[in-house]
Amino acid sequence: MTAVLAIVVESGMTYDTLIPLATGGLVAYGLLSVPAGWLADHWSRRNMIAIYFFGTGVSCVLVGVSESFETLAVALFGVGLFAAIYHPVGTPMIVDQAVVRG
């Protein structure tokens with residue numbers, strides 16, 4: 001939602017017009033976090049985190065070059081989709097590598 005505020009300033013569009021952009025990504029992030037964690041447990045954390053980095057990177061580039069509302073909506077949905085991988089996969093990977101846990 002914070003990104004929407006910045007987009008309002010840059011694009012001149014209204015806040016209520018831009019909310020659907022953020023909503024798609026947030027819904028994807030929330031709904032796909034649990035399946036991403038399950039898939040990492042049953043397949044490969046390393047491969048899932050590689051998919052996260054690649055997919056989020058490509059989606060962010062698409063956000064940067066999008067010239068239409070629809071393209072921006074799809075790109076932000078992609079960011080949410082791939083970002084859903086990080087917390088259930090990346091956080092356990094970091095904890096597994098920690099020598100001294102707080």
# chains A, B, ... in the order shown; residues from 1 in each chain; ligands from 1
>>> closest_atom_pairs(of="region 51-94 of chain A", to="region 18-35 of chain A", cutoff="10 Å", atoms="only C-alpha atoms", output="tab-separated table")
residue	atom	partner	partner_atom	distance
A:Phe69	CA	A:Leu21	CA	8.3
A:Glu70	CA	A:Leu21	CA	8.8
A:Leu72	CA	A:Leu21	CA	7.3
A:Ala73	CA	A:Leu21	CA	4.9
A:Val74	CA	A:Leu21	CA	8.3
A:Ala75	CA	A:Gly25	CA	8.7
A:Leu76	CA	A:Gly25	CA	5.6
A:Phe77	CA	A:Gly25	CA	4.1
A:Gly78	CA	A:Gly25	CA	6.9
A:Val79	CA	A:Gly25	CA	6.5
A:Gly80	CA	A:Gly25	CA	4.1
A:Leu81	CA	A:Ala28	CA	5.1
A:Phe82	CA	A:Tyr29	CA	7.7
A:Ala83	CA	A:Tyr29	CA	6.3
A:Ala84	CA	A:Tyr29	CA	4.5
A:Ile85	CA	A:Ser33	CA	6.0
A:Tyr86	CA	A:Ser33	CA	8.2
A:His87	CA	A:Ser33	CA	7.5
A:Pro88	CA	A:Ser33	CA	6.5
A:Val89	CA	A:Ser33	CA	9.0
>>> atom_distance(atom1="CA of Ser68 (chain A)", atom2="CA of Phe54 (chain A)")
23.0 Å
>>> atom_distance(atom1="CA of Arg101 (chain A)", atom2="CA of Thr56 (chain A)")
28.8 Å
>>> select_by_dssp(residues="chain A", states="helix (DSSP H, G or I)", output="PyMOL selection string")
chain A and resi 2-11+15-42+45-65+69-83+86-97
>>> residues_around(residues="Pro92 (chain A)", least_positions_apart="5", cutoff="12 Å", atoms="only C-alpha atoms", output="list in words")
Gly37, Ala40, Asp41, Arg45, Arg46, Ile49, Ile85, Tyr86, His87, Gln97 and Ala98 of chain A
>>> residues_around(residues="Thr71 (chain A)", least_positions_apart="6", cutoff="12 Å", atoms="only C-alpha atoms", output="list of chain:residue names")
A:Leu21, A:Ser59, A:Cys60, A:Val61, A:Leu62, A:Val63, A:Gly64, A:Val65, A:Phe77, A:Gly78
>>> write_last_selection(atoms="N, CA, C and O atoms", output="JSON list (two decimals), in the first residue's frame")
[["chain", "number", "residue", "atom", "x", "y", "z"],
["A", 21, "LEU", "N", -4.34, -2.25, -7.91],
["A", 21, "LEU", "CA", -2.98, -2.68, -8.25],
["A", 21, "LEU", "C", -2.32, -3.38, -7.07],
["A", 21, "LEU", "O", -1.73, -4.44, -7.20],
["A", 59, "SER", "N", 9.64, -9.65, -12.36],
["A", 59, "SER", "CA", 8.42, -8.88, -12.09],
["A", 59, "SER", "C", 8.74, -7.42, -11.79],
["A", 59, "SER", "O", 8.02, -6.51, -12.24],
["A", 60, "CYS", "N", 9.81, -7.17, -11.05],
["A", 60, "CYS", "CA", 10.19, -5.78, -10.74],
["A", 60, "CYS", "C", 10.64, -5.04, -11.98],
["A", 60, "CYS", "O", 10.34, -3.85, -12.14],
["A", 61, "VAL", "N", 11.33, -5.72, -12.87],
["A", 61, "VAL", "CA", 11.71, -5.08, -14.14],
["A", 61, "VAL", "C", 10.45, -4.74, -14.93],
["A", 61, "VAL", "O", 10.33, -3.65, -15.50],
["A", 62, "LEU", "N", 9.48, -5.65, -14.94],
["A", 62, "LEU", "CA", 8.22, -5.38, -15.64],
["A", 62, "LEU", "C", 7.47, -4.21, -15.02],
["A", 62, "LEU", "O", 6.84, -3.43, -15.73],
["A", 63, "VAL", "N", 7.53, -4.08, -13.70],
["A", 63, "VAL", "CA", 6.92, -2.93, -13.04],
["A", 63, "VAL", "C", 7.58, -1.65, -13.55],
["A", 63, "VAL", "O", 6.91, -0.67, -13.86],
["A", 64, "GLY", "N", 8.89, -1.68, -13.65],
["A", 64, "GLY", "CA", 9.63, -0.50, -14.07],
["A", 64, "GLY", "C", 9.37, -0.08, -15.51],
["A", 64, "GLY", "O", 9.41, 1.10, -15.82],
["A", 65, "VAL", "N", 9.10, -1.03, -16.39],
["A", 65, "VAL", "CA", 8.92, -0.70, -17.80],
["A", 65, "VAL", "C", 7.46, -0.67, -18.23],
["A", 65, "VAL", "O", 7.17, -0.38, -19.40],
["A", 77, "PHE", "N", 1.12, -8.11, -9.51],
["A", 77, "PHE", "CA", 0.63, -9.43, -9.10],
["A", 77, "PHE", "C", 1.78, -10.43, -9.10],
["A", 77, "PHE", "O", 1.91, -11.25, -8.19],
["A", 78, "GLY", "N", 2.65, -10.33, -10.10],
["A", 78, "GLY", "CA", 3.82, -11.21, -10.16],
["A", 78, "GLY", "C", 4.76, -10.99, -8.99],
["A", 78, "GLY", "O", 5.30, -11.95, -8.43]]
